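S.K.: Got a structure here, written out as structure tokens. Questions coming.
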Amino acid sequence: MMIPMTYSNRLSPLCLFLTILFITRTASAQDSSWQRVSITPDVAIMMPGQTTAIDTPRLEVINSSLGGYFFQLKHVKDKYVVKNGDELIQAYDGFLVGYFKTPGIDIYKSAVSDTSLDGTMGEWIHLTYSKDTTYQEIYSYLVLVNSHFYMISLVNNQPIRSSDPIFQKYFASLQFPNKPIKEFSGEFPLQARSYRNGQHIGGWISRAFPFIVGLVIMSLVLVFVVRHRRGKRKDRKL
């Protein structure tokens, strides 16, 4: 099942995201102790201090904070059934198209890469905003597990380095206890990689096509000029 392209119209994830983080920021104690939390049996992660849970008709969210860091585990309740690796990649791409069109998210500079955490194949999302804003940097891992999307996020109003101990501890603690996972077993991984590689090759060809055409035209012109000059030299000798 493909992700509806009207995702951003039906839900404003950033508005909910920032609202939840604000609640967490004002209500959560600055306790440095970490505990394992989960929304469903499929996903678990370590979070520091007191957590805040919010349940809406379409989302379940757990948040916590520590200093200037804000942590979020989000579960999308809608089911997204994919039958093979091709559909898995299409589902990710469709979700991201809607997500990045969401008002608020669209002001961020984004970078996305295929990433594997704890045996899953998901999308690593890095959002940055250079202007003065509450949340300047957001790291998220988007993953589809047993027909449900999960987004695991770490946010700060200051730049976050990948060598940061909190960054490493948080994402390293992410676990998917119930295995095998439907979307990452059997032929799914191979099909997904093959489909993504095909996308990359196709994208490279489409970007390089104008240059290839230009090179071919220049080569033909050069050949024509060389032959024309050789013809003139032959005529002079005669």
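Order determines the names: the first chain of the structure tokens is A, the second B, and so forth; residues in each chain are numbered 1 upward, and ligands are numbered 1 upward as they are shown.
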Show which residues sit within 10 Å of Glu60 of chain A, as a PDB file with N, CA and C atoms, in the first residue's frame. Count only C-alpha atoms, and ignore same-chain residues fewer than 5 positions away.
M.R.:
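Wrote out_27.pdb, looks like this:
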```pdb
ATOM      1  N   ILE A  39       6.261   2.126  22.902  1.00  0.00           N
ATOM      2  CA  ILE A  39       4.846   2.408  22.627  1.00  0.00           C
ATOM      3  C   ILE A  39       4.122   1.115  22.292  1.00  0.00           C
ATOM      4  N   THR A  40       4.767   0.296  21.469  1.00  0.00           N
ATOM      5  CA  THR A  40       4.256  -1.022  21.101  1.00  0.00           C
ATOM      6  C   THR A  40       5.363  -2.030  21.380  1.00  0.00           C
ATOM      7  N   ALA A  53       3.646  10.957  27.807  1.00  0.00           N
ATOM      8  CA  ALA A  53       2.975  10.186  26.754  1.00  0.00           C
ATOM      9  C   ALA A  53       1.739  10.937  26.274  1.00  0.00           C
ATOM     10  N   ILE A  54       1.547  10.950  24.968  1.00  0.00           N
ATOM     11  CA  ILE A  54       0.378  11.588  24.357  1.00  0.00           C
ATOM     12  C   ILE A  54      -0.216  10.615  23.343  1.00  0.00           C
ATOM     13  N   ASP A  55      -1.517  10.457  23.379  1.00  0.00           N
ATOM     14  CA  ASP A  55      -2.224   9.538  22.489  1.00  0.00           C
ATOM     15  C   ASP A  55      -3.303  10.315  21.741  1.00  0.00           C
ATOM     16  N   LEU A  73       9.729   9.475  20.601  1.00  0.00           N
ATOM     17  CA  LEU A  73       9.396   8.230  19.908  1.00  0.00           C
ATOM     18  C   LEU A  73       7.954   8.359  19.448  1.00  0.00           C
ATOM     19  N   LYS A  74       7.750   8.302  18.136  1.00  0.00           N
ATOM     20  CA  LYS A  74       6.414   8.523  17.570  1.00  0.00           C
ATOM     21  C   LYS A  74       5.964   7.287  16.794  1.00  0.00           C
ATOM     22  N   HIS A  75       4.714   6.889  17.007  1.00  0.00           N
ATOM     23  CA  HIS A  75       4.115   5.740  16.327  1.00  0.00           C
ATOM     24  C   HIS A  75       2.897   6.219  15.532  1.00  0.00           C
ATOM     25  N   VAL A  76       2.910   5.990  14.214  1.00  0.00           N
ATOM     26  CA  VAL A  76       1.772   6.335  13.360  1.00  0.00           C
ATOM     27  C   VAL A  76       0.808   5.150  13.358  1.00  0.00           C
ATOM     28  N   LYS A  77      -0.422   5.376  13.800  1.00  0.00           N
ATOM     29  CA  LYS A  77      -1.372   4.281  13.977  1.00  0.00           C
ATOM     30  C   LYS A  77      -1.896   3.705  12.660  1.00  0.00           C
ATOM     31  N   TYR A 150       7.322   4.337  12.443  1.00  0.00           N
ATOM     32  CA  TYR A 150       7.835   4.900  13.686  1.00  0.00           C
ATOM     33  C   TYR A 150       8.869   5.962  13.325  1.00  0.00           C
TER      34      TYR A 150
END
```
S.K.: Fewer than 4 positions away in the same chain doesn't count, so skip those; otherwise give me all residues within 12 Å of Ser38 of chain A, counting only C-alpha atoms, as a PDB file with N, CA and C atoms, in the first residue's frame.
M.R.:
```
ATOM      1  N   ASP A  42       6.918  -3.682  19.385  1.00  0.00           N
ATOM      2  CA  ASP A  42       7.836  -3.761  18.244  1.00  0.00           C
ATOM      3  C   ASP A  42       9.047  -2.843  18.358  1.00  0.00           C
ATOM      4  N   VAL A  43       8.949  -1.760  19.142  1.00  0.00           N
ATOM      5  CA  VAL A  43      10.025  -0.768  19.196  1.00  0.00           C
ATOM      6  C   VAL A  43      10.263  -0.346  20.639  1.00  0.00           C
ATOM      7  N   ALA A  44      11.555  -0.242  21.019  1.00  0.00           N
ATOM      8  CA  ALA A  44      11.914   0.216  22.359  1.00  0.00           C
ATOM      9  C   ALA A  44      13.179   1.052  22.271  1.00  0.00           C
ATOM     10  N   ILE A  45      13.313   2.023  23.184  1.00  0.00           N
ATOM     11  CA  ILE A  45      14.481   2.896  23.190  1.00  0.00           C
ATOM     12  C   ILE A  45      14.680   3.455  24.596  1.00  0.00           C
ATOM     13  N   MET A  46      15.908   3.852  24.901  1.00  0.00           N
ATOM     14  CA  MET A  46      16.212   4.448  26.207  1.00  0.00           C
ATOM     15  C   MET A  46      15.975   5.955  26.149  1.00  0.00           C
ATOM     16  N   MET A  47      15.307   6.485  27.195  1.00  0.00           N
ATOM     17  CA  MET A  47      15.105   7.922  27.334  1.00  0.00           C
ATOM     18  C   MET A  47      15.450   8.349  28.742  1.00  0.00           C
ATOM     19  N   THR A  51       9.144  10.742  31.493  1.00  0.00           N
ATOM     20  CA  THR A  51       8.605  10.765  30.132  1.00  0.00           C
ATOM     21  C   THR A  51       7.171  11.281  30.135  1.00  0.00           C
ATOM     22  N   THR A  52       6.783  11.820  28.981  1.00  0.00           N
ATOM     23  CA  THR A  52       5.418  12.314  28.775  1.00  0.00           C
ATOM     24  C   THR A  52       4.804  11.556  27.609  1.00  0.00           C
ATOM     25  N   ALA A  53       3.646  10.957  27.807  1.00  0.00           N
ATOM     26  CA  ALA A  53       2.975  10.186  26.754  1.00  0.00           C
ATOM     27  C   ALA A  53       1.739  10.937  26.274  1.00  0.00           C
ATOM     28  N   GLU A  60       0.682   7.979  18.508  1.00  0.00           N
ATOM     29  CA  GLU A  60       1.081   7.780  19.889  1.00  0.00           C
ATOM     30  C   GLU A  60       2.502   8.309  20.011  1.00  0.00           C
ATOM     31  N   VAL A  61       2.768   9.072  21.074  1.00  0.00           N
ATOM     32  CA  VAL A  61       4.065   9.728  21.208  1.00  0.00           C
ATOM     33  C   VAL A  61       4.551   9.638  22.648  1.00  0.00           C
ATOM     34  N   ILE A  62       5.846   9.362  22.796  1.00  0.00           N
ATOM     35  CA  ILE A  62       6.510   9.420  24.091  1.00  0.00           C
ATOM     36  C   ILE A  62       7.655  10.416  23.980  1.00  0.00           C
ATOM     37  N   ASN A  63       7.782  11.329  24.962  1.00  0.00           N
ATOM     38  CA  ASN A  63       8.803  12.362  24.936  1.00  0.00           C
ATOM     39  C   ASN A  63       9.517  12.433  26.276  1.00  0.00           C
ATOM     40  N   GLN A  72      12.068  12.015  21.298  1.00  0.00           N
ATOM     41  CA  GLN A  72      10.697  11.656  20.910  1.00  0.00           C
ATOM     42  C   GLN A  72      10.660  10.315  20.184  1.00  0.00           C
ATOM     43  N   LEU A  73       9.729   9.475  20.601  1.00  0.00           N
ATOM     44  CA  LEU A  73       9.396   8.230  19.908  1.00  0.00           C
ATOM     45  C   LEU A  73       7.954   8.359  19.448  1.00  0.00           C
ATOM     46  N   LYS A  74       7.750   8.302  18.136  1.00  0.00           N
ATOM     47  CA  LYS A  74       6.414   8.523  17.570  1.00  0.00           C
ATOM     48  C   LYS A  74       5.964   7.287  16.794  1.00  0.00           C
ATOM     49  N   HIS A  75       4.714   6.889  17.007  1.00  0.00           N
ATOM     50  CA  HIS A  75       4.115   5.740  16.327  1.00  0.00           C
ATOM     51  C   HIS A  75       2.897   6.219  15.532  1.00  0.00           C
ATOM     52  N   TYR A 150       7.322   4.337  12.443  1.00  0.00           N
ATOM     53  CA  TYR A 150       7.835   4.900  13.686  1.00  0.00           C
ATOM     54  C   TYR A 150       8.869   5.962  13.325  1.00  0.00           C
ATOM     55  N   ILE A 152      11.883   8.150  15.323  1.00  0.00           N
ATOM     56  CA  ILE A 152      12.654   8.349  16.546  1.00  0.00           C
ATOM     57  C   ILE A 152      13.480   9.603  16.350  1.00  0.00           C
ATOM     58  N   SER A 173      20.649   2.760  21.596  1.00  0.00           N
ATOM     59  CA  SER A 173      19.736   1.987  22.448  1.00  0.00           C
ATOM     60  C   SER A 173      18.472   1.548  21.723  1.00  0.00           C
ATOM     61  N   LEU A 174      18.285   2.006  20.480  1.00  0.00           N
ATOM     62  CA  LEU A 174      17.077   1.651  19.726  1.00  0.00           C
ATOM     63  C   LEU A 174      17.050   0.156  19.433  1.00  0.00           C
ATOM     64  N   GLN A 175      15.934  -0.493  19.766  1.00  0.00           N
ATOM     65  CA  GLN A 175      15.802  -1.938  19.560  1.00  0.00           C
ATOM     66  C   GLN A 175      14.437  -2.276  18.972  1.00  0.00           C
ATOM     67  N   PHE A 176      14.424  -3.369  18.210  1.00  0.00           N
ATOM     68  CA  PHE A 176      13.195  -3.919  17.644  1.00  0.00           C
ATOM     69  C   PHE A 176      13.108  -5.370  18.118  1.00  0.00           C
ATOM     70  N   PRO A 177      12.480  -5.594  19.282  1.00  0.00           N
ATOM     71  CA  PRO A 177      12.551  -6.895  19.962  1.00  0.00           C
ATOM     72  C   PRO A 177      11.936  -8.057  19.186  1.00  0.00           C
TER      73      PRO A 177
END
```
S.K.: Going by DSSP on the backbone, which residues of segment 19-134 of chain A come out as alpha helix (DSSP H)? List them as a PyMOL selection string.
M.R.: chain A and resi 19-27+85-100
S.K.: Residues of the last selection are to be written out with N, CA and C atoms, as a PDB file, in the first residue's frame.
M.R.:
```
ATOM      1  N   THR A  19       4.657  21.183  19.810  1.00  0.00           N
ATOM      2  CA  THR A  19       3.760  21.329  20.959  1.00  0.00           C
ATOM      3  C   THR A  19       4.110  20.316  22.039  1.00  0.00           C
ATOM      4  N   ILE A  20       4.322  19.083  21.617  1.00  0.00           N
ATOM      5  CA  ILE A  20       4.655  18.027  22.572  1.00  0.00           C
ATOM      6  C   ILE A  20       5.989  18.322  23.245  1.00  0.00           C
ATOM      7  N   LEU A  21       6.951  18.790  22.461  1.00  0.00           N
ATOM      8  CA  LEU A  21       8.257  19.103  23.033  1.00  0.00           C
ATOM      9  C   LEU A  21       8.157  20.249  24.029  1.00  0.00           C
ATOM     10  N   PHE A  22       7.277  21.230  23.742  1.00  0.00           N
ATOM     11  CA  PHE A  22       7.101  22.357  24.666  1.00  0.00           C
ATOM     12  C   PHE A  22       6.530  21.856  25.988  1.00  0.00           C
ATOM     13  N   ILE A  23       5.536  20.956  25.883  1.00  0.00           N
ATOM     14  CA  ILE A  23       4.954  20.381  27.096  1.00  0.00           C
ATOM     15  C   ILE A  23       6.016  19.637  27.891  1.00  0.00           C
ATOM     16  N   THR A  24       6.827  18.848  27.138  1.00  0.00           N
ATOM     17  CA  THR A  24       7.879  18.081  27.782  1.00  0.00           C
ATOM     18  C   THR A  24       8.890  18.999  28.449  1.00  0.00           C
ATOM     19  N   ARG A  25       9.247  20.072  27.757  1.00  0.00           N
ATOM     20  CA  ARG A  25      10.273  20.988  28.255  1.00  0.00           C
ATOM     21  C   ARG A  25       9.840  21.650  29.552  1.00  0.00           C
ATOM     22  N   THR A  26       8.559  21.987  29.656  1.00  0.00           N
ATOM     23  CA  THR A  26       8.087  22.718  30.835  1.00  0.00           C
ATOM     24  C   THR A  26       7.683  21.791  31.977  1.00  0.00           C
ATOM     25  N   ALA A  27       7.334  20.532  31.632  1.00  0.00           N
ATOM     26  CA  ALA A  27       6.800  19.660  32.672  1.00  0.00           C
ATOM     27  C   ALA A  27       7.789  18.614  33.158  1.00  0.00           C
ATOM     28  N   GLY A  85      10.091  -5.440  -1.308  1.00  0.00           N
ATOM     29  CA  GLY A  85      11.061  -4.391  -1.068  1.00  0.00           C
ATOM     30  C   GLY A  85      10.837  -3.160  -1.915  1.00  0.00           C
ATOM     31  N   ASP A  86      10.335  -3.336  -3.134  1.00  0.00           N
ATOM     32  CA  ASP A  86      10.046  -2.183  -3.991  1.00  0.00           C
ATOM     33  C   ASP A  86       9.007  -1.283  -3.334  1.00  0.00           C
ATOM     34  N   GLU A  87       7.943  -1.882  -2.838  1.00  0.00           N
ATOM     35  CA  GLU A  87       6.876  -1.109  -2.202  1.00  0.00           C
ATOM     36  C   GLU A  87       7.355  -0.482  -0.896  1.00  0.00           C
ATOM     37  N   LEU A  88       8.303  -1.127  -0.225  1.00  0.00           N
ATOM     38  CA  LEU A  88       8.854  -0.565   1.005  1.00  0.00           C
ATOM     39  C   LEU A  88       9.542   0.770   0.719  1.00  0.00           C
ATOM     40  N   ILE A  89      10.387   0.809  -0.318  1.00  0.00           N
ATOM     41  CA  ILE A  89      11.086   2.040  -0.668  1.00  0.00           C
ATOM     42  C   ILE A  89      10.092   3.093  -1.146  1.00  0.00           C
ATOM     43  N   GLN A  90       9.094   2.681  -1.916  1.00  0.00           N
ATOM     44  CA  GLN A  90       8.077   3.615  -2.386  1.00  0.00           C
ATOM     45  C   GLN A  90       7.305   4.203  -1.203  1.00  0.00           C
ATOM     46  N   ALA A  91       7.073   3.382  -0.170  1.00  0.00           N
ATOM     47  CA  ALA A  91       6.367   3.867   1.018  1.00  0.00           C
ATOM     48  C   ALA A  91       7.187   4.931   1.740  1.00  0.00           C
ATOM     49  N   TYR A  92       8.473   4.670   1.904  1.00  0.00           N
ATOM     50  CA  TYR A  92       9.349   5.676   2.527  1.00  0.00           C
ATOM     51  C   TYR A  92       9.343   6.972   1.722  1.00  0.00           C
ATOM     52  N   ASP A  93       9.518   6.845   0.414  1.00  0.00           N
ATOM     53  CA  ASP A  93       9.579   8.042  -0.434  1.00  0.00           C
ATOM     54  C   ASP A  93       8.278   8.829  -0.362  1.00  0.00           C
ATOM     55  N   GLY A  94       7.147   8.117  -0.378  1.00  0.00           N
ATOM     56  CA  GLY A  94       5.856   8.788  -0.311  1.00  0.00           C
ATOM     57  C   GLY A  94       5.656   9.496   1.020  1.00  0.00           C
ATOM     58  N   PHE A  95       6.040   8.840   2.106  1.00  0.00           N
ATOM     59  CA  PHE A  95       5.920   9.450   3.434  1.00  0.00           C
ATOM     60  C   PHE A  95       6.748  10.724   3.503  1.00  0.00           C
ATOM     61  N   LEU A  96       7.982  10.656   3.004  1.00  0.00           N
ATOM     62  CA  LEU A  96       8.897  11.802   3.099  1.00  0.00           C
ATOM     63  C   LEU A  96       8.428  12.980   2.251  1.00  0.00           C
ATOM     64  N   VAL A  97       7.832  12.690   1.090  1.00  0.00           N
ATOM     65  CA  VAL A  97       7.315  13.774   0.245  1.00  0.00           C
ATOM     66  C   VAL A  97       6.294  14.595   1.030  1.00  0.00           C
ATOM     67  N   GLY A  98       5.360  13.907   1.676  1.00  0.00           N
ATOM     68  CA  GLY A  98       4.359  14.606   2.470  1.00  0.00           C
ATOM     69  C   GLY A  98       4.953  15.292   3.689  1.00  0.00           C
ATOM     70  N   TYR A  99       5.890  14.627   4.335  1.00  0.00           N
ATOM     71  CA  TYR A  99       6.501  15.162   5.550  1.00  0.00           C
ATOM     72  C   TYR A  99       7.236  16.472   5.280  1.00  0.00           C
ATOM     73  N   PHE A 100       8.013  16.514   4.204  1.00  0.00           N
ATOM     74  CA  PHE A 100       8.806  17.712   3.911  1.00  0.00           C
ATOM     75  C   PHE A 100       7.961  18.860   3.361  1.00  0.00           C
TER      76      PHE A 100
END
```
S.K.: What lies within 8 Å of Leu142 of chain A using only C-alpha atoms, ignoring chain neighbours under 5 positions off, as a tab-separated table (two decimals) with C-alpha atoms, in the first residue's frame?
M.R.:
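Writing the result to selection.tsv gives the following:
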```
chain	number	residue	atom	x	y	z
A	122	GLY	CA	15.02	2.97	7.37
A	123	GLU	CA	15.58	6.60	6.45
A	124	TRP	CA	17.98	8.84	8.38
A	125	ILE	CA	16.66	12.42	8.37
A	149	PHE	CA	5.68	3.80	10.78
A	150	TYR	CA	7.83	4.90	13.69
A	151	MET	CA	9.93	8.07	13.92
A	152	ILE	CA	12.65	8.35	16.55
```
S.K.: Looking at only C-alpha atoms, which of A:Tyr108, A:Ser140, A:Asp164, A:Val155 is the one that sits closest to Ser64 of chain A?
M.R.: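 For Ser64 of chain A, the nearest of the given residues is A:Val155.
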S.K.: Using only C-alpha atoms, pick whichever of A:His148, A:Lys79, A:Lys101, A:Lys109 has the shortest atom-to-atom distance to Gln136 of chain A.
M.R.: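 Comparing A:His148, A:Lys79, A:Lys101, A:Lys109 against Gln136 of chain A, the winner is A:Lys109.
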S.K.: Which one of A:Ile138, A:Val145, A:Leu127, A:Met121 sits closest to Pro41 of chain A if you count only C-alpha atoms?
M.R.: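 Among A:Ile138, A:Val145, A:Leu127, A:Met121, it is A:Val145 that comes nearest to Pro41 of chain A.
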S.K.: Identify which of the residues A:Ala192, A:Ser219, A:Ser33, A:Lys179 lies closest to Asp114 of chain A, counting only C-alpha atoms when measuring atom-to-atom distances.
M.R.: A:Ala192
S.K.: May I ask for the distance between atom CA of Asp106 of chain A and atom CA of Val81 of chain A, given in Å to one decimal place?
M.R.: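 A separation of 27.2 Å between them.
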S.K.: Could you please determine the separation between atom CA of Leu117 of chain A and atom CA of Leu66 of chain A in Å, to one decimal place?
M.R.: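 We find that atom CA of Leu117 of chain A and atom CA of Leu66 of chain A lie 23.3 Å from each other.
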S.K.: I'd like the interatomic distance between atom CA of Pro159 of chain A and atom CA of Thr115 of chain A, to a tenth of an Å.
M.R.: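 Distance reported for this atom pair: 21.0 Å.
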S.K.: Can you list every residue in segment 27-214 of chain A that DSSP puts in strand (DSSP E or B), as a VMD selection string?
M.R.: chain A and resid 34 to 38 44 to 48 52 to 55 59 to 66 69 to 76 109 to 117 120 to 128 137 to 145 148 to 156 175
S.K.: Store the residues picked out above in a file with C-alpha atoms, as a compact mmCIF listing (two decimals), in the first residue's frame.
M.R.:
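Saved file out33.txt follows:
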```txt
# COMPACT_ATOMS: atom_id res chain seq x y z
CA TRP A 34 17.75 6.60 31.66
CA GLN A 35 14.95 4.06 31.28
CA ARG A 36 13.75 1.86 28.44
CA VAL A 37 10.41 2.94 27.00
CA SER A 38 8.15 1.56 24.28
CA ALA A 44 11.91 0.22 22.36
CA ILE A 45 14.48 2.90 23.19
CA MET A 46 16.21 4.45 26.21
CA MET A 47 15.10 7.92 27.33
CA PRO A 48 16.32 10.05 30.23
CA THR A 52 5.42 12.31 28.77
CA ALA A 53 2.97 10.19 26.75
CA ILE A 54 0.38 11.59 24.36
CA ASP A 55 -2.22 9.54 22.49
CA LEU A 59 -0.43 9.11 16.70
CA GLU A 60 1.08 7.78 19.89
CA VAL A 61 4.06 9.73 21.21
CA ILE A 62 6.51 9.42 24.09
CA ASN A 63 8.80 12.36 24.94
CA SER A 64 11.44 13.31 27.44
CA SER A 65 14.09 15.99 27.89
CA LEU A 66 17.55 16.40 29.37
CA TYR A 69 18.05 17.85 24.40
CA PHE A 70 14.55 16.66 23.56
CA PHE A 71 13.72 13.04 22.74
CA GLN A 72 10.70 11.66 20.91
CA LEU A 73 9.40 8.23 19.91
CA LYS A 74 6.41 8.52 17.57
CA HIS A 75 4.12 5.74 16.33
CA VAL A 76 1.77 6.33 13.36
CA LYS A 109 17.39 22.30 5.18
CA SER A 110 17.03 18.53 4.93
CA ALA A 111 19.29 15.61 4.15
CA VAL A 112 18.05 12.02 3.88
CA SER A 113 20.01 8.80 3.57
CA ASP A 114 19.23 5.09 3.68
CA THR A 115 20.33 3.75 7.07
CA SER A 116 20.19 0.42 8.88
CA LEU A 117 19.70 0.28 12.65
CA THR A 120 16.05 -2.58 9.95
CA MET A 121 16.32 -0.52 6.76
CA GLY A 122 15.02 2.97 7.37
CA GLU A 123 15.58 6.60 6.45
CA TRP A 124 17.98 8.84 8.38
CA ILE A 125 16.66 12.42 8.37
CA HIS A 126 18.78 15.42 9.33
CA LEU A 127 17.07 18.82 9.56
CA THR A 128 18.93 22.06 10.19
CA GLU A 137 18.78 20.76 14.57
CA ILE A 138 16.70 17.58 14.38
CA TYR A 139 17.92 14.02 13.81
CA SER A 140 15.28 11.38 13.08
CA TYR A 141 15.14 7.73 12.08
CA LEU A 142 12.04 6.79 10.09
CA VAL A 143 11.29 3.08 9.93
CA LEU A 144 8.38 0.86 8.90
CA VAL A 145 7.96 -2.11 11.26
CA HIS A 148 3.42 0.76 11.11
CA PHE A 149 5.68 3.80 10.78
CA TYR A 150 7.83 4.90 13.69
CA MET A 151 9.93 8.07 13.92
CA ILE A 152 12.65 8.35 16.55
CA SER A 153 13.93 11.92 16.98
CA LEU A 154 16.59 13.86 18.88
CA VAL A 155 16.30 17.66 18.92
CA ASN A 156 18.37 20.55 20.22
CA GLN A 175 15.80 -1.94 19.56
```
S.K.: Pick from A:Arg161, A:Lys182, A:Arg196, A:Lys169: nearest to Asn146 of chain A, with only C-alpha atoms counted?
M.R.: A:Lys182
